[in-house]
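A short worksheet on the structure shown next.
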Amino acid sequence: MRTVKVPLGDRSYSIKIGGGLLPRLGNECRRLKLGSRCAVVTDRTVGPLYARTALASLRQAGFAPMEIRVPAGETTKSLRTIHTCYDQLARHRIERSSFITALGGGVVGDMGGFLAASYLRGIDFVQVPTTLLAQVDSSVGGKVGVNLKAGKNLVGAFYQPRLVLCDLDSLKTLPKRELRAGLAEVIKYGIIDDATLFRRLERTLPELLQLDAVGLAHIVARSCQIKAKIVEQDEREDGLRAILNYGHTIGHALETISRYGKYLHGEAISIGQVAASRISRDVLGLGQAEVDRIEALFARAGLRTTVRLATPQMAKLFAAMKLDKKVSRGKVKFVLAKKIGQVEFGIDVPRATIKTALK
Ligand code: NAD
Ligand code: GLY
């Protein structure tokens, strides 16, 4: 098992990464001296696969868990779901000393985390991410929240978990499309911070797609290390943390205009990252060879790199980008790459440059 620390003073926690970890959930929670009652929030796909093991492990360690199952998919990340979960927590007398375990992908983690942040003004929570995307990104760093019709993640909080438990075995049941979408975030870490990771991905992509255990353990741990380093320096995104949003301005807008139905998050940010690399070439002088390497890696991972938008859709995309949380004084700010492994943030980009990059 590998452990990555997220050092945030009295809100510090560990990310534990390895195979066969889910049956150890209860013991890990006991070590943290969490309260005896807990709610395991999961979705209707993950629940039938893993809730039994999670609940049994918690019971064996002396906890009294109840389960909340929500529908799978992005539309579950809503205030409506939160409301129904509040009612269930109240019915089962979840108290201030109780805790929530989010067992699932980023949807369950973001929604379950916001539930924990807001119920009784905040109770402990544990992340058990079961998708690659959630293991390398969404379960780490404390951003929790839900979507509004107007845009993604517009309601939320910064609320750190007490523990993140990444059982790599759970990736064995993950549909390949979801695995590829998770790789989009791993590639992002290479672009924003680590040229060596990027080269490793270029070299080992076929093995990773076949779930090579050693390779997966490495990329999950390395991604978490990079994210932890950034979050440690800028937990509430006053500056540096923005670099984690490389490719997300366009990606989130694509998700919004397609009403979260057409693209998985990782697919949308794959298109967004390739567009951002072209914008980086035009604005920061990123070399064409590096733009080509970026596009080729996403393509080899089986991810889309381009989108065709008719004029009205393009207008909608720009409108959605203006609702991005990173907009400042009405200006959309971009994260752009100087080279693979190094980015700059807070950059104004002319509309025409964005349009060209999307063509
Ligand atoms: P997801 O949670 O919707 O999971 C994808 C699908 O896979 C779901 O249908 C789920 O039921 C299923 N699934 C999950 N684990 C499985 C497993 N082990 N086996 C079989 N099926 C499984 O999607 P996601 O890609 O994990 O997360 C996307 C969400 O994460 C988005 O809402 C995005 O905004 C959010 N996100 C948040 C952050 C953050 O910092 N909080 C960062 C990145 C993304
Ligand atoms: N995924 C972006 C962040 O955590 O800041």
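Letters for chains follow the order of the structure tokens (A, B, ...), residue numbers begin at 1 for each chain, and ligand numbers begin at 1 in the order shown.
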Next item on the list: Identify all residues of segment 39-224 of chain A in strand (DSSP E) (DSSP on the backbone) and supply them as a ChimeraX atom specification.
Entry: /A:39-43,64-70,99-104,124-129,143-148,151-158,163-167
Checklist line | Residue contacts of Asn245 of chain A (8 Å, only C-alpha atoms) excluding same-chain residues fewer than 4 positions away, as a PyMOL selection string | finding: chain A and resi 241+249+335
Item checked: Shortest interatomic distance to Ser36 of chain A - which of A:Ala56, A:Ile15, A:Leu174, A:Ile100, counting only C-alpha atoms -> A:Ile100
Margin query: Around ligand 1, out to 6 Å and counting only C-alpha atoms and all ligand atoms, which residues are there? I want them as a ChimeraX atom specification.
Written below: /A:43,45-46,72-74,104-108,110,130-131,133-134,137-138,143-144,170-171,173-174,265
Check: Would you name the residues within 10 Å of ligand 2, counting only C-alpha atoms and all ligand atoms, and put them as a list in words?
Finding: Leu133, Ala134, Val136, Asp137, Ser138, Ser139, Val140, Gly141, Gly142, Lys143, Val144, Phe158, Glu185, Lys227, Ala228, Ile230, Val231, Asp234, Glu235, Arg236, Glu237, Leu240, Arg241, Ala242, Ile243, Leu244, Asn245, Tyr246 and His248 of chain A
Could you turn the residues from that selection into a file that holds C-alpha atoms, as a CSV table (one decimal), in the first residue's frame?
chain,number,residue,atom,x,y,z
A,133,LEU,CA,-11.0,10.0,-12.1
A,134,ALA,CA,-12.2,10.1,-8.5
A,136,VAL,CA,-6.6,10.8,-8.9
A,137,ASP,CA,-8.6,14.0,-8.6
A,138,SER,CA,-12.1,14.5,-7.2
A,139,SER,CA,-11.7,12.7,-3.9
A,140,VAL,CA,-8.6,14.7,-3.0
A,141,GLY,CA,-8.5,18.4,-2.0
A,142,GLY,CA,-11.8,19.0,-0.5
A,143,LYS,CA,-13.9,20.5,-3.3
A,144,VAL,CA,-17.4,19.3,-2.8
A,158,PHE,CA,-14.2,23.4,0.6
A,185,GLU,CA,-7.1,13.9,-15.5
A,227,LYS,CA,-2.6,17.4,-6.3
A,228,ALA,CA,-1.7,17.3,-2.6
A,230,ILE,CA,-0.8,22.2,-5.0
A,231,VAL,CA,-3.7,22.0,-2.5
A,234,ASP,CA,-3.4,27.0,-2.1
A,235,GLU,CA,-6.3,25.1,-0.5
A,236,ARG,CA,-9.0,27.6,-1.4
A,237,GLU,CA,-7.9,28.5,-4.9
A,240,LEU,CA,-2.0,28.4,-7.9
A,241,ARG,CA,-4.8,25.8,-7.5
A,242,ALA,CA,-6.4,27.2,-10.6
A,243,ILE,CA,-3.8,25.2,-12.6
A,244,LEU,CA,-5.7,22.1,-11.8
A,245,ASN,CA,-8.4,23.5,-14.1
A,246,TYR,CA,-6.2,23.2,-17.2
A,248,HIS,CA,-11.6,22.7,-17.7
Margin query: What's the separation between atom CA of Ile294 of chain A and atom CA of Ala310 of chain A, in Å to one decimal place?
Written below: 25.3 Å
Note to self: I need the residues of segment 43-194 of chain A that end up classed as helix (DSSP H, G or I) by DSSP on the backbone, written out as JSON, numbers by chain.
What the structure shows: {"A": [46, 47, 48, 49, 50, 51, 52, 53, 54, 55, 56, 57, 58, 59, 60, 74, 75, 76, 79, 80, 81, 82, 83, 84, 85, 86, 87, 88, 89, 90, 91, 106, 107, 108, 109, 110, 111, 112, 113, 114, 115, 116, 117, 118, 119, 120, 121, 132, 133, 134, 135, 136, 137, 138, 168, 169, 170, 171, 172, 173, 176, 177, 178, 179, 180, 181, 182, 183, 184, 185, 186, 187, 188, 189, 190, 191, 192, 193]}
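Coordinates place atom CA of Gly272 of chain A at a distance of 10.5 Å from atom CA of Ile354 of chain A.
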Notebook entry, point to check: Which polymer residues have any atom within 9 Å of an atom of Lys5 of chain A, counting only C-alpha atoms, with same-chain residues fewer than 3 positions away left out, as a list in words?
Noted result: Ser12, Tyr13, Ser14, Ile15, Lys16, Cys224, Gln225 and Ala228 of chain A
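Rounded to one decimal, atom CA of Lys333 of chain A and atom CA of Gln273 of chain A lie 14.3 Å from each other.
Counting only C-alpha atoms, Thr204 of chain A has the following residues at most 8 Å away, ignoring those fewer than 4 positions along the same chain: Arg200, Leu208 and Gly215 of chain A.
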Using N, CA and C atoms, can you export the residues from the last selection as a compact mmCIF listing (two decimals), in the first residue's frame?
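And here's out36.txt as it stands now:
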# COMPACT_ATOMS: atom_id res chain seq x y z
N ARG A 200 6.07 8.95 -19.18
CA ARG A 200 5.72 7.59 -18.71
C ARG A 200 4.37 7.16 -19.30
N LEU A 208 -1.51 0.38 -19.08
CA LEU A 208 -2.45 1.01 -18.16
C LEU A 208 -3.89 0.69 -18.56
N GLY A 215 1.63 -0.23 -12.68
CA GLY A 215 1.50 1.04 -13.41
C GLY A 215 0.38 1.90 -12.83
Margin query: Can you tell me which residues surround Met321 of chain A at a distance of at most 9 Å, considering only C-alpha atoms, apart from same-chain residues fewer than 2 positions away, and format the answer as an MDAnalysis selection string?
Written below: chainID A and resid 249:250 252:254 316:319 323:325 327 332
For the residues selected in the previous step, produce a file with N, CA and C atoms as a PDB file, in the first residue's frame.
ATOM      1  N   THR A 249     -12.030  25.050 -18.486  1.00  0.00           N
ATOM      2  CA  THR A 249     -12.929  26.175 -18.822  1.00  0.00           C
ATOM      3  C   THR A 249     -13.796  25.773 -20.011  1.00  0.00           C
ATOM      4  N   ILE A 250     -13.144  25.298 -21.052  1.00  0.00           N
ATOM      5  CA  ILE A 250     -13.890  24.838 -22.228  1.00  0.00           C
ATOM      6  C   ILE A 250     -14.615  23.524 -21.903  1.00  0.00           C
ATOM      7  N   HIS A 252     -15.834  22.296 -18.982  1.00  0.00           N
ATOM      8  CA  HIS A 252     -17.053  22.497 -18.193  1.00  0.00           C
ATOM      9  C   HIS A 252     -18.161  23.112 -19.044  1.00  0.00           C
ATOM     10  N   ALA A 253     -17.781  24.065 -19.916  1.00  0.00           N
ATOM     11  CA  ALA A 253     -18.792  24.720 -20.754  1.00  0.00           C
ATOM     12  C   ALA A 253     -19.419  23.698 -21.710  1.00  0.00           C
ATOM     13  N   LEU A 254     -18.596  22.791 -22.231  1.00  0.00           N
ATOM     14  CA  LEU A 254     -19.135  21.741 -23.115  1.00  0.00           C
ATOM     15  C   LEU A 254     -20.118  20.847 -22.354  1.00  0.00           C
ATOM     16  N   LYS A 316     -23.469  29.591 -27.339  1.00  0.00           N
ATOM     17  CA  LYS A 316     -23.851  29.014 -26.034  1.00  0.00           C
ATOM     18  C   LYS A 316     -22.605  28.643 -25.224  1.00  0.00           C
ATOM     19  N   LEU A 317     -21.611  28.128 -25.939  1.00  0.00           N
ATOM     20  CA  LEU A 317     -20.368  27.734 -25.251  1.00  0.00           C
ATOM     21  C   LEU A 317     -19.720  28.948 -24.578  1.00  0.00           C
ATOM     22  N   PHE A 318     -19.674  30.065 -25.318  1.00  0.00           N
ATOM     23  CA  PHE A 318     -19.063  31.276 -24.747  1.00  0.00           C
ATOM     24  C   PHE A 318     -19.889  31.785 -23.570  1.00  0.00           C
ATOM     25  N   ALA A 319     -21.206  31.692 -23.686  1.00  0.00           N
ATOM     26  CA  ALA A 319     -22.065  32.133 -22.574  1.00  0.00           C
ATOM     27  C   ALA A 319     -21.805  31.256 -21.348  1.00  0.00           C
ATOM     28  N   LEU A 323     -19.958  31.787 -17.152  1.00  0.00           N
ATOM     29  CA  LEU A 323     -20.494  31.401 -15.835  1.00  0.00           C
ATOM     30  C   LEU A 323     -19.489  30.579 -15.027  1.00  0.00           C
ATOM     31  N   ASP A 324     -18.337  30.298 -15.658  1.00  0.00           N
ATOM     32  CA  ASP A 324     -17.309  29.521 -14.978  1.00  0.00           C
ATOM     33  C   ASP A 324     -16.923  30.243 -13.684  1.00  0.00           C
ATOM     34  N   LYS A 325     -16.619  29.453 -12.636  1.00  0.00           N
ATOM     35  CA  LYS A 325     -16.304  30.078 -11.349  1.00  0.00           C
ATOM     36  C   LYS A 325     -15.023  30.905 -11.406  1.00  0.00           C
ATOM     37  N   VAL A 327     -14.249  33.055 -13.645  1.00  0.00           N
ATOM     38  CA  VAL A 327     -14.409  34.330 -14.333  1.00  0.00           C
ATOM     39  C   VAL A 327     -14.149  35.456 -13.346  1.00  0.00           C
ATOM     40  N   VAL A 332     -13.005  35.664 -18.849  1.00  0.00           N
ATOM     41  CA  VAL A 332     -12.676  34.256 -18.645  1.00  0.00           C
ATOM     42  C   VAL A 332     -11.155  34.141 -18.554  1.00  0.00           C
TER      43      VAL A 332
END
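Among A:Arg37, A:Lys188, A:Arg351, A:Arg300, the residue with the shortest atom-to-atom distance to Met314 of chain A, counting only C-alpha atoms, is A:Arg351.
The nearest approach to Leu179 of chain A among the residues A:Gly341, A:Gly266, A:Gly145, A:Gly112, with only C-alpha atoms taken into account, belongs to A:Gly266.
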Next item on the list: Go through A:Arg2, A:Arg278, A:Lys262, A:Lys322 one by one, measure the shortest atom-to-atom distance of each to Ala221 of chain A using only C-alpha atoms, and give the residue with the smallest value.
Entry: A:Arg2
